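S.K.: Provided below: protein-v9.cif, containing mmCIF, C-alpha atoms.
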```
data_run
loop_
_atom_site.label_atom_id
_atom_site.label_comp_id
_atom_site.auth_asym_id
_atom_site.auth_seq_id
_atom_site.Cartn_x
_atom_site.Cartn_y
_atom_site.Cartn_z
CA PRO A 1 29.32 -31.88 44.43
CA GLU A 2 27.35 -31.06 47.55
CA GLN A 3 23.70 -30.31 46.75
CA GLN A 4 22.59 -26.87 47.87
CA GLN A 5 19.49 -26.54 50.02
CA PRO A 6 16.58 -24.59 48.49
CA LEU A 7 16.17 -21.06 49.78
CA SER A 8 13.33 -20.35 52.16
CA ASP A 9 10.51 -17.99 51.19
CA ASP A 10 11.74 -15.38 53.68
CA VAL A 11 15.23 -15.38 52.19
CA ILE A 12 13.88 -15.08 48.64
CA ILE A 13 11.59 -12.18 49.58
CA LYS A 14 14.43 -10.44 51.38
CA LYS A 15 16.67 -10.67 48.31
CA LEU A 16 13.90 -9.53 45.98
CA GLN A 17 13.02 -6.51 48.13
CA ARG A 18 15.86 -4.55 46.54
CA ALA A 19 14.13 -4.80 43.15
CA LEU A 20 10.44 -4.94 44.05
CA PRO A 21 8.41 -1.77 44.62
CA LYS A 22 7.60 -1.07 48.25
CA CYS A 23 3.89 -1.19 47.52
CA THR A 24 4.12 -4.92 46.75
CA ILE A 25 5.74 -5.85 50.06
CA ALA A 26 3.36 -6.29 52.95
CA ASP A 27 5.80 -5.27 55.68
CA ALA A 28 7.25 -2.23 53.91
CA ASN A 29 7.95 0.56 56.36
CA VAL A 30 7.53 3.40 53.86
CA LYS A 31 4.13 4.01 52.31
CA THR A 32 2.97 6.67 49.91
CA LYS A 33 0.44 9.14 51.21
CA THR A 34 -2.42 7.55 49.24
CA GLN A 35 -1.54 4.00 50.26
CA SER A 36 -3.66 2.35 52.94
CA ASP A 37 -2.32 0.19 55.75
CA ASP A 38 -3.29 -3.07 54.03
CA ASP A 39 -1.19 -2.34 50.91
CA TYR A 40 -4.09 -1.16 48.77
CA LEU A 41 -4.28 2.36 47.41
CA SER A 42 -7.03 4.42 48.97
CA SER A 43 -7.16 6.52 45.79
CA PRO A 44 -5.63 6.05 42.34
CA TYR A 45 -2.90 8.19 40.83
CA GLY A 46 -3.87 10.50 37.99
CA THR A 47 -7.23 11.46 36.50
CA GLN A 48 -9.68 8.67 35.74
CA ILE A 49 -10.48 8.66 32.02
CA HIS A 50 -12.08 5.24 31.54
CA LYS A 51 -13.47 2.25 33.41
CA CYS A 52 -14.37 -1.24 32.30
CA ASN A 53 -15.13 -4.76 33.49
CA HIS A 54 -13.19 -7.84 32.42
CA THR A 55 -13.33 -11.50 33.38
CA VAL A 56 -10.06 -12.71 34.90
CA GLN A 57 -9.75 -16.37 35.90
CA SER A 58 -13.55 -16.75 35.83
CA ASN A 59 -14.01 -13.71 38.09
CA GLU A 60 -15.48 -10.43 36.87
CA MET A 61 -13.34 -7.49 37.94
CA GLU A 62 -13.62 -3.72 37.57
CA PHE A 63 -10.69 -1.70 36.27
CA ILE A 64 -10.06 2.00 35.91
CA PHE A 65 -7.67 3.81 33.59
CA CYS A 66 -5.98 6.94 34.92
CA LEU A 67 -3.76 9.44 33.10
CA ALA A 68 -1.11 10.95 35.36
CA ASP A 69 1.27 13.89 34.87
CA GLY A 70 4.90 12.92 35.40
CA LYS A 71 5.72 16.38 36.74
CA GLU A 72 3.67 15.75 39.87
CA LYS A 73 5.88 14.72 42.78
CA ASP A 74 3.57 11.99 44.09
CA VAL A 75 3.26 10.43 40.65
CA ASN A 76 7.03 10.46 40.13
CA GLU A 77 7.66 8.84 43.52
CA TYR A 78 5.03 6.17 42.93
CA HIS A 79 6.26 5.38 39.43
CA ALA A 80 9.84 5.08 40.68
CA GLN A 81 8.54 2.12 42.69
CA VAL A 82 6.25 0.34 40.24
CA GLN A 83 8.61 0.67 37.27
CA CYS A 84 10.96 -1.72 39.07
CA LEU A 85 8.57 -4.47 37.96
CA SER A 86 9.44 -3.78 34.31
CA LEU A 87 12.89 -5.30 34.91
CA PHE A 88 11.20 -8.68 35.39
CA PHE A 89 8.97 -8.52 32.30
CA ILE A 90 10.46 -6.11 29.72
CA GLU A 91 13.74 -6.92 28.01
CA ASN A 92 16.33 -4.12 28.32
CA ALA A 93 13.93 -2.08 30.45
CA ASP A 94 15.28 1.18 31.86
CA GLY A 95 14.06 3.37 34.66
CA VAL A 96 12.44 6.66 33.71
CA ASP A 97 12.71 9.99 35.49
CA LEU A 98 9.27 11.42 34.86
CA THR A 99 10.36 14.90 35.90
CA SER A 100 12.94 15.06 33.10
CA ASP A 101 12.22 17.54 30.32
CA GLU A 102 15.13 16.43 28.15
CA GLY A 103 14.68 17.58 24.57
CA GLY A 104 11.81 19.83 25.58
CA GLY A 105 9.46 16.90 26.12
CA TYR A 106 7.39 15.76 29.08
CA TRP A 107 6.03 12.49 30.47
CA LYS A 108 2.52 11.16 30.98
CA VAL A 109 1.68 7.77 32.48
CA LEU A 110 -1.45 5.78 31.77
CA TYR A 111 -2.12 3.57 34.79
CA VAL A 112 -4.51 0.66 35.09
CA PHE A 113 -5.82 -0.09 38.59
CA ARG A 114 -8.14 -2.78 39.78
CA LYS A 115 -11.00 -1.44 41.88
CA HIS A 116 -11.88 -3.41 45.00
CA LYS A 117 -15.28 -2.60 46.45
CA TYR A 118 -15.98 -2.66 50.16
CA GLY A 119 -19.23 -2.00 51.96
CA ASP A 120 -21.61 -0.20 49.60
CA GLY A 121 -18.93 0.03 46.88
CA SER A 122 -18.86 3.82 46.91
CA GLY A 123 -15.73 5.81 46.18
CA ASP A 124 -15.01 6.31 49.88
CA ASN A 125 -15.08 2.58 50.55
CA ALA A 126 -13.29 1.40 47.38
CA LYS A 127 -9.60 0.55 47.31
CA TYR A 128 -7.25 0.04 44.38
CA SER A 129 -4.38 -2.21 43.38
CA PHE A 130 -1.80 -1.78 40.64
CA VAL A 131 -2.38 -3.72 37.39
CA GLY A 132 -0.21 -2.07 34.74
CA TYR A 133 1.03 1.11 33.11
CA MET A 134 2.07 2.69 29.84
CA THR A 135 4.63 5.50 29.77
CA LEU A 136 4.04 8.23 27.20
CA PHE A 137 6.74 10.69 26.15
CA CYS A 138 5.40 13.78 24.42
CA PHE A 139 7.58 16.19 22.48
CA PHE A 140 7.09 18.94 19.93
CA SER A 141 8.21 18.23 16.36
CA PRO A 142 8.59 21.56 14.52
CA PHE A 143 9.41 19.93 11.17
CA LYS A 144 6.73 17.26 11.18
CA LYS A 145 4.91 17.17 7.84
CA PRO A 146 2.34 18.09 6.76
CA LYS A 147 2.13 20.19 9.92
CA PRO A 148 4.15 20.52 13.14
CA GLY A 149 2.78 19.25 16.41
CA ILE A 150 3.19 16.94 19.37
CA ILE A 151 4.51 13.41 18.85
CA LEU A 152 3.17 11.02 21.51
CA ARG A 153 5.56 8.09 21.89
CA ILE A 154 4.64 4.92 23.78
CA CYS A 155 7.84 3.90 25.55
CA GLN A 156 6.99 1.12 28.01
CA ALA A 157 3.85 -0.97 28.41
CA LEU A 158 3.29 -3.50 31.18
CA ILE A 159 0.33 -5.56 32.36
CA LEU A 160 1.02 -7.86 35.30
CA PRO A 161 0.81 -11.57 34.32
CA PRO A 162 -2.41 -12.42 36.24
CA TYR A 163 -4.27 -9.80 34.17
CA GLN A 164 -2.79 -10.51 30.74
CA GLY A 165 -4.96 -11.81 27.93
CA CYS A 166 -8.24 -10.29 29.13
CA GLY A 167 -8.24 -7.18 26.91
CA LEU A 168 -6.52 -4.60 29.11
CA GLY A 169 -3.67 -4.07 26.64
CA LYS A 170 -6.20 -3.30 23.93
CA GLY A 171 -7.97 -0.98 26.35
CA MET A 172 -4.75 0.93 27.03
CA MET A 173 -4.03 1.37 23.33
CA SER A 174 -7.59 2.56 22.73
CA ALA A 175 -7.26 5.04 25.58
CA VAL A 176 -4.03 6.44 24.12
CA TYR A 177 -5.62 6.85 20.69
CA ASP A 178 -8.70 8.46 22.23
CA TYR A 179 -6.48 10.85 24.21
CA ALA A 180 -4.61 11.82 21.03
CA HIS A 181 -7.95 12.54 19.30
CA GLY A 182 -9.18 14.70 22.18
CA LYS A 183 -11.87 12.42 23.56
CA PHE A 184 -10.89 13.20 27.15
CA ASP A 185 -10.49 16.97 26.76
CA SER A 186 -13.35 17.82 29.10
CA ILE A 187 -12.20 15.32 31.74
CA LEU A 188 -8.60 16.53 31.68
CA SER A 189 -9.47 20.23 31.62
CA GLY A 190 -6.77 22.20 33.42
CA ASP A 191 -4.58 19.12 33.94
CA GLY A 192 -0.92 20.16 34.07
CA ASP A 193 1.11 23.17 33.02
CA ASP A 194 1.33 21.96 29.41
CA SER A 195 -2.38 22.24 28.80
CA ASP A 196 -4.18 24.90 26.92
CA SER A 197 -6.70 27.00 28.79
CA GLY A 198 -10.08 25.33 28.95
CA SER A 199 -8.80 21.99 27.63
CA GLY A 200 -6.73 19.13 29.04
CA ARG A 201 -4.75 18.91 25.83
CA THR A 202 -1.31 20.21 25.08
CA LYS A 203 -1.08 23.69 23.58
CA ALA A 204 0.03 22.12 20.31
CA GLU A 205 -2.10 19.39 18.77
CA ILE A 206 -1.03 15.76 19.01
CA VAL A 207 -0.31 14.82 15.40
CA GLU A 208 1.06 11.28 15.74
CA VAL A 209 1.19 8.29 18.08
CA ASN A 210 4.21 6.03 17.64
CA VAL A 211 5.95 3.28 19.60
CA GLU A 212 9.54 2.95 20.73
CA ASP A 213 11.09 -0.48 19.99
CA PRO A 214 7.90 -2.55 20.30
CA SER A 215 8.17 -6.21 21.29
CA PRO A 216 6.71 -8.87 18.93
CA SER A 217 3.61 -9.24 21.12
CA PHE A 218 3.08 -5.47 21.27
CA THR A 219 3.58 -5.26 17.49
CA ARG A 220 0.77 -7.80 16.99
CA LEU A 221 -1.50 -5.83 19.31
CA ARG A 222 -0.69 -2.57 17.57
CA ASN A 223 -1.26 -4.04 14.10
CA ARG A 224 -4.59 -5.50 15.21
CA MET A 225 -5.71 -2.18 16.66
CA ASP A 226 -4.63 -0.17 13.61
CA TYR A 227 -6.33 -2.58 11.22
CA GLN A 228 -9.56 -2.37 13.23
CA MET A 229 -9.30 1.44 13.23
CA LEU A 230 -8.81 1.50 9.46
CA LYS A 231 -11.68 -0.92 8.92
CA ASP A 232 -14.02 1.11 11.12
CA ARG A 233 -13.07 4.37 9.43
CA LEU A 234 -13.53 2.88 5.97
CA SER A 235 -16.95 1.50 6.88
CA SER A 236 -18.03 4.94 8.08
CA ASN A 237 -16.59 6.84 5.12
CA THR A 238 -18.50 9.80 3.81
CA THR A 239 -18.40 10.61 0.11
CA SER A 240 -16.96 14.03 0.90
CA SER A 241 -13.92 12.89 2.93
CA PRO A 242 -13.06 9.18 2.54
CA LEU A 243 -10.08 7.92 4.56
CA LEU A 244 -8.62 6.31 1.42
CA PRO A 245 -9.80 6.71 -2.19
CA ASP A 246 -12.19 4.10 -3.58
CA LYS A 247 -9.67 3.13 -6.28
CA TYR A 248 -7.87 0.90 -3.76
CA PHE A 249 -10.97 -1.18 -3.02
CA GLU A 250 -12.96 -1.30 -6.26
CA GLU A 251 -11.49 -4.67 -7.26
CA ARG A 252 -10.85 -7.07 -4.39
CA HIS A 253 -8.52 -9.29 -6.38
CA LYS A 254 -6.13 -6.41 -7.21
CA PHE A 255 -3.59 -4.92 -4.81
CA PRO A 256 -2.46 -1.40 -5.75
CA PHE A 257 0.31 -0.03 -3.57
CA LEU A 258 -0.76 3.02 -1.60
CA GLN A 259 0.49 6.31 -3.00
CA ASP A 260 2.48 8.47 -0.58
CA GLY A 261 0.00 11.34 -0.64
CA ASP A 262 -2.90 9.04 0.25
CA ILE A 263 -0.87 7.42 3.03
CA THR A 264 -0.04 10.86 4.46
CA ASP A 265 -3.68 11.97 4.41
CA ALA A 266 -4.79 8.76 6.17
CA ALA A 267 -1.98 9.04 8.74
CA VAL A 268 -2.98 12.62 9.54
CA ALA A 269 -6.63 11.61 9.98
CA THR A 270 -5.90 8.61 12.22
CA LYS A 271 -2.77 10.02 13.95
CA ILE A 272 -0.82 6.81 13.40
CA THR A 273 2.42 6.45 11.44
CA LYS A 274 2.56 6.03 7.66
CA PRO A 275 4.08 2.52 7.87
CA GLN A 276 1.18 1.48 10.10
CA ILE A 277 -1.31 2.76 7.52
CA GLN A 278 0.33 0.49 4.94
CA ILE A 279 0.25 -2.51 7.31
CA ALA A 280 -3.40 -1.93 8.20
CA TYR A 281 -4.21 -1.62 4.49
CA GLU A 282 -2.45 -4.93 3.75
CA ILE A 283 -4.45 -6.71 6.44
CA PHE A 284 -7.66 -5.17 5.12
CA LYS A 285 -6.91 -6.31 1.55
CA LEU A 286 -6.11 -9.82 2.84
CA SER A 287 -9.44 -9.89 4.67
CA GLN A 288 -11.21 -9.08 1.41
CA VAL A 289 -9.43 -11.95 -0.35
CA LEU A 290 -10.19 -14.43 2.43
CA ASN A 291 -13.84 -13.40 2.28
CA ILE A 292 -13.91 -14.20 -1.43
CA PHE A 293 -12.64 -17.70 -0.70
CA GLY A 294 -14.88 -18.29 2.29
CA GLY A 295 -12.19 -17.57 4.83
CA LYS A 296 -9.92 -20.33 3.56
CA GLN A 297 -6.20 -19.79 3.12
CA ASP A 298 -6.01 -21.76 -0.16
CA ILE A 299 -6.20 -18.55 -2.19
CA ASP A 300 -6.07 -18.62 -5.98
CA GLY A 301 -2.42 -18.55 -7.09
CA ASN A 302 -2.64 -15.38 -9.20
CA ILE A 303 -4.48 -13.47 -6.49
CA GLU A 304 -2.06 -14.62 -3.80
CA LYS A 305 0.84 -13.55 -6.03
CA GLY A 306 -0.55 -10.03 -6.30
CA PHE A 307 -0.91 -9.74 -2.54
CA ARG A 308 2.56 -11.22 -1.99
CA LEU A 309 4.20 -8.74 -4.37
CA MET A 310 2.50 -5.81 -2.62
CA VAL A 311 3.71 -6.92 0.81
CA LYS A 312 7.20 -7.82 -0.41
CA LYS A 313 7.61 -4.35 -1.89
CA ARG A 314 7.16 -2.84 1.57
CA LEU A 315 9.34 -5.47 3.26
CA ASN A 316 12.12 -5.02 0.72
CA HIS A 317 12.19 -1.29 1.46
CA LEU A 318 11.95 -1.78 5.24
CA HIS A 319 14.72 -4.40 5.42
CA ARG A 320 16.81 -3.18 2.50
CA GLU A 321 20.08 -3.07 4.49
CA ASP A 322 19.78 -6.64 5.76
CA ILE A 323 18.67 -7.95 2.37
CA SER A 324 21.48 -6.07 0.58
CA ALA A 325 23.97 -7.76 2.91
CA CYS A 326 23.08 -11.17 1.43
CA VAL A 327 25.81 -12.47 -0.86
CA THR A 328 23.76 -14.07 -3.64
CA LYS A 329 20.50 -13.24 -5.35
CA GLU A 330 19.03 -16.51 -4.13
CA ASP A 331 19.88 -15.61 -0.52
CA LYS A 332 18.11 -12.28 -0.95
CA LYS A 333 15.01 -14.00 -2.33
CA LYS A 334 15.07 -16.54 0.50
CA GLN A 335 15.29 -13.87 3.20
CA LEU A 336 12.50 -11.82 1.64
CA SER A 337 10.32 -14.92 1.35
CA GLU A 338 10.90 -15.76 5.02
CA LEU A 339 9.93 -12.21 6.01
CA TYR A 340 6.78 -12.48 3.94
CA ASP A 341 5.84 -15.85 5.45
CA ASP A 342 6.14 -14.40 8.97
CA VAL A 343 3.96 -11.43 8.01
CA PHE A 344 1.32 -13.62 6.33
CA ILE A 345 1.08 -15.85 9.43
CA GLN A 346 0.70 -12.77 11.64
CA TYR A 347 -1.97 -11.23 9.41
CA THR A 348 -4.06 -14.41 9.20
CA SER A 349 -3.74 -14.80 13.00
CA ILE A 350 -5.05 -11.26 13.49
CA LEU A 351 -8.01 -11.84 11.20
CA LYS A 352 -8.81 -15.16 12.86
CA ARG A 353 -8.77 -13.56 16.30
CA LEU A 354 -11.10 -10.77 15.22
CA LYS A 355 -13.75 -13.11 13.81
#
```
For this file, produce the structure as C-alpha cells.
M.R.:
Amino acid sequence: PEQQQPLSDDVIIKKLQRALPKCTIADANVKTKTQSDDDYLSSPYGTQIHKCNHTVQSNEMEFIFCLADGKEKDVNEYHAQVQCLSLFFIENADGVDLTSDEGGGYWKVLYVFRKHKYGDGSGDNAKYSFVGYMTLFCFFSPFKKPKPGIILRICQALILPPYQGCGLGKGMMSAVYDYAHGKFDSILSGDGDDSDSGSGRTKAEIVEVNVEDPSPSFTRLRNRMDYQMLKDRLSSNTTSSPLLPDKYFEERHKFPFLQDGDITDAAVATKITKPQIQIAYEIFKLSQVLNIFGGKQDIDGNIEKGFRLMVKKRLNHLHREDISACVTKEDKKKQLSELYDDVFIQYTSILKRLK
C-alpha cells in the first residue's frame, strides 16, 4: 500500500483547534477580557487563596491557587475553554456547565496558575498561565448523619503534564481540605451568593469531602493525604478529645477493626469519608509494624496475618458482589488475596514515599 506522508505542523494544529481551548492557540482571534495579547492572563480567575514555589525541570517557579465561583460569567466562559484539555488526559471526561444548579447544587473551581514576573515582579507587571484545575460540586445533604450539611465532591482534577510530579496535586488537595475546614473564610468573605454574611463559606457547613470516580493515581494521592492527616491529628491529640481512642494503638502488633461509632466521630472531625478513615488507619497500623521491624517488609508471620485479616475484612465488604460472583470457594479466596496484595503494595509505596 502507498505510504502516507506525515502531516505538517500547521495541519495538525488546525485539526486540533476544534478541541483545544482558544487560550492555548497563539493566533486565536477571540480572547477573554483578562487575557493579554501574548496569550498570558493579565490577572487570574477567582480569589487567590494560596501561593507556593516548586521546582519544575530544575527551574524554580511560583504558583498561585485561586478559588472561582462557577456562577460568574467570565469564569464559566474561561472554564468552557480550558476543560477541553481534560479530553486528552482524563478518561471518560465530560464537559461541565458551571452555571447549572441541578439538584440544588453549585460549582466551584480551584485553579492553579503559574505566575510569570516581569520588571519589578509586582502584581501590575506579573502575568499568568494555566497549569491545572479541580472542579468542586457542592450540594446540601439533608439526611447526612450525624448532621446535615454541604457535601463537597471533587469531580475532575487535572495538572498539565509539564507540571506533574512536583507537588501541585498534593497542594490542590490540601487547599480543598483547608477550604472545607474554613481556613480561607476571611479571604473569601462575601464571595458569591451562597455565602453567609461575613464569611466566604456556604450558609450550611461543609461536612464531608468526597471524590467522584477517582483514577488509580488520584486514589493513591488521596490515600497518602488522608493517612498524613490522620497521623498529624493523632500526634496532636489532646486527652480531652482524641481523634481515635487509645485502645486501637496500645499494642502495635494487634489490629482491632475500627468500630462504626469511632469511624463516624473521626470522619466528622476530619471531614473525609468513613471508608477513607479506615484506609488511613490501616496505613497507620502498617507503619507501626514496619517501624517495629526496622522498616523491612519481612514482617513476623503472626503479625502480618493479623494485619491481613483486618484489611481483608474491609475488602470483602467493599467487593462483596464481585467476590460472591466467583464460582468456587478457592476462586473467592484467590480474588480476595489478589485485592489484598494490591493494597499492601500501595500502602508500602505510600509509606516509602513519605519517608
S.K.: For each of A:Leu41, A:Val268, A:Ala204, A:Ile283, take the minimum atom-to-atom distance to A:Thr348, counting all atoms listed in the file, then give the residue where this is smallest.
M.R.: A:Ile283
S.K.: Evaluate the PyMOL selection byres ((chain A and resi 67-70) around 8) on the structure here and hand back the selected residues as an MDAnalysis selection string.
M.R.: chainID A and resid 45:49 65:66 71:73 75:76 98:99 106:111 191:192
S.K.: Measure the distance from atom CA of A:Asp178 to atom CA of A:Asp226 in Å and round it to one decimal.
M.R.: 12.9 Å
S.K.: Please provide the set of residues having any atom within 9 Å of stretch 161-174 of chain A, restricted to all atoms listed in the file, with same-chain residues fewer than 2 positions apart removed, written as a list in words.
M.R.: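 That gives Cys52, His54, Thr55, Val56, Gln57, Phe63, Phe65, Phe89, Leu110, Tyr111, Val112, Val131, Gly132, Tyr133, Met134, Ala157, Leu158, Ile159, Val176, Tyr177, Asp178, Tyr179, Phe218, Leu221, Arg222 and Met225 of chain A.
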S.K.: Could those selected residues go to a file with C-alpha atoms, as an mmCIF file, keeping the file's coordinate frame?
M.R.:
```
data_model
loop_
_atom_site.group_PDB
_atom_site.id
_atom_site.type_symbol
_atom_site.label_atom_id
_atom_site.label_comp_id
_atom_site.auth_asym_id
_atom_site.auth_seq_id
_atom_site.Cartn_x
_atom_site.Cartn_y
_atom_site.Cartn_z
ATOM 1 C CA CYS A 52 -14.370 -1.240 32.300
ATOM 2 C CA HIS A 54 -13.190 -7.840 32.420
ATOM 3 C CA THR A 55 -13.330 -11.500 33.380
ATOM 4 C CA VAL A 56 -10.060 -12.710 34.900
ATOM 5 C CA GLN A 57 -9.750 -16.370 35.900
ATOM 6 C CA PHE A 63 -10.690 -1.700 36.270
ATOM 7 C CA PHE A 65 -7.670 3.810 33.590
ATOM 8 C CA PHE A 89 8.970 -8.520 32.300
ATOM 9 C CA LEU A 110 -1.450 5.780 31.770
ATOM 10 C CA TYR A 111 -2.120 3.570 34.790
ATOM 11 C CA VAL A 112 -4.510 0.660 35.090
ATOM 12 C CA VAL A 131 -2.380 -3.720 37.390
ATOM 13 C CA GLY A 132 -0.210 -2.070 34.740
ATOM 14 C CA TYR A 133 1.030 1.110 33.110
ATOM 15 C CA MET A 134 2.070 2.690 29.840
ATOM 16 C CA ALA A 157 3.850 -0.970 28.410
ATOM 17 C CA LEU A 158 3.290 -3.500 31.180
ATOM 18 C CA ILE A 159 0.330 -5.560 32.360
ATOM 19 C CA VAL A 176 -4.030 6.440 24.120
ATOM 20 C CA TYR A 177 -5.620 6.850 20.690
ATOM 21 C CA ASP A 178 -8.700 8.460 22.230
ATOM 22 C CA TYR A 179 -6.480 10.850 24.210
ATOM 23 C CA PHE A 218 3.080 -5.470 21.270
ATOM 24 C CA LEU A 221 -1.500 -5.830 19.310
ATOM 25 C CA ARG A 222 -0.690 -2.570 17.570
ATOM 26 C CA MET A 225 -5.710 -2.180 16.660
#
```
S.K.: Using all atoms of stretch 309-327 of chain A that appear in the file, construct an axis-aligned enclosing box with 4 Å of padding on every side and provide its centre coordinates and edge lengths in Å, rounded to one decimal, as AutoDock Vina command-line options.
M.R.:
```
--center_x 14.2 --center_y -6.9 --center_z 0.7 --size_x 31.3 --size_y 19.2 --size_z 18.1
```
S.K.: Can you measure atom CA of A:Leu315 to atom CA of A:Tyr281 for me? One decimal in Å is fine.
M.R.: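 Calculated distance between atom CA of A:Leu315 and atom CA of A:Tyr281 is 14.1 Å.
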S.K.: Hey, can you pull every residue with an atom no more than 12 Å from (12.6, -14.6, 5.2), using all atoms listed in the file, and send it as a PDB file with C-alpha atoms, in the frame of the given file?
M.R.:
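For reference, out_34.pdb as written:
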```pdb
ATOM      1  CA  LYS A 312       7.200  -7.820  -0.410  1.00  0.00           C
ATOM      2  CA  LEU A 315       9.340  -5.470   3.260  1.00  0.00           C
ATOM      3  CA  ASN A 316      12.120  -5.020   0.720  1.00  0.00           C
ATOM      4  CA  HIS A 319      14.720  -4.400   5.420  1.00  0.00           C
ATOM      5  CA  ASP A 322      19.780  -6.640   5.760  1.00  0.00           C
ATOM      6  CA  ILE A 323      18.670  -7.950   2.370  1.00  0.00           C
ATOM      7  CA  CYS A 326      23.080 -11.170   1.430  1.00  0.00           C
ATOM      8  CA  GLU A 330      19.030 -16.510  -4.130  1.00  0.00           C
ATOM      9  CA  ASP A 331      19.880 -15.610  -0.520  1.00  0.00           C
ATOM     10  CA  LYS A 332      18.110 -12.280  -0.950  1.00  0.00           C
ATOM     11  CA  LYS A 333      15.010 -14.000  -2.330  1.00  0.00           C
ATOM     12  CA  LYS A 334      15.070 -16.540   0.500  1.00  0.00           C
ATOM     13  CA  GLN A 335      15.290 -13.870   3.200  1.00  0.00           C
ATOM     14  CA  LEU A 336      12.500 -11.820   1.640  1.00  0.00           C
ATOM     15  CA  SER A 337      10.320 -14.920   1.350  1.00  0.00           C
ATOM     16  CA  GLU A 338      10.900 -15.760   5.020  1.00  0.00           C
ATOM     17  CA  LEU A 339       9.930 -12.210   6.010  1.00  0.00           C
ATOM     18  CA  TYR A 340       6.780 -12.480   3.940  1.00  0.00           C
ATOM     19  CA  ASP A 341       5.840 -15.850   5.450  1.00  0.00           C
ATOM     20  CA  ASP A 342       6.140 -14.400   8.970  1.00  0.00           C
ATOM     21  CA  VAL A 343       3.960 -11.430   8.010  1.00  0.00           C
ATOM     22  CA  PHE A 344       1.320 -13.620   6.330  1.00  0.00           C
TER      23      PHE A 344
END
```
S.K.: If you apply the PyMOL selection byres ((chain A and resi 234) around 12) to this file, what residues do you get, as a PyMOL selection string?
M.R.: chain A and resi 227-233+235-239+241-246+248-249+266+269-270+280-281+284
S.K.: Using all atoms listed in the file for the distances, tell me which of A:Pro216, A:Ile277, A:Ile90, A:Gly104 is nearest to A:Phe140.
M.R.: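 Comparing A:Pro216, A:Ile277, A:Ile90, A:Gly104 against A:Phe140, the winner is A:Gly104.
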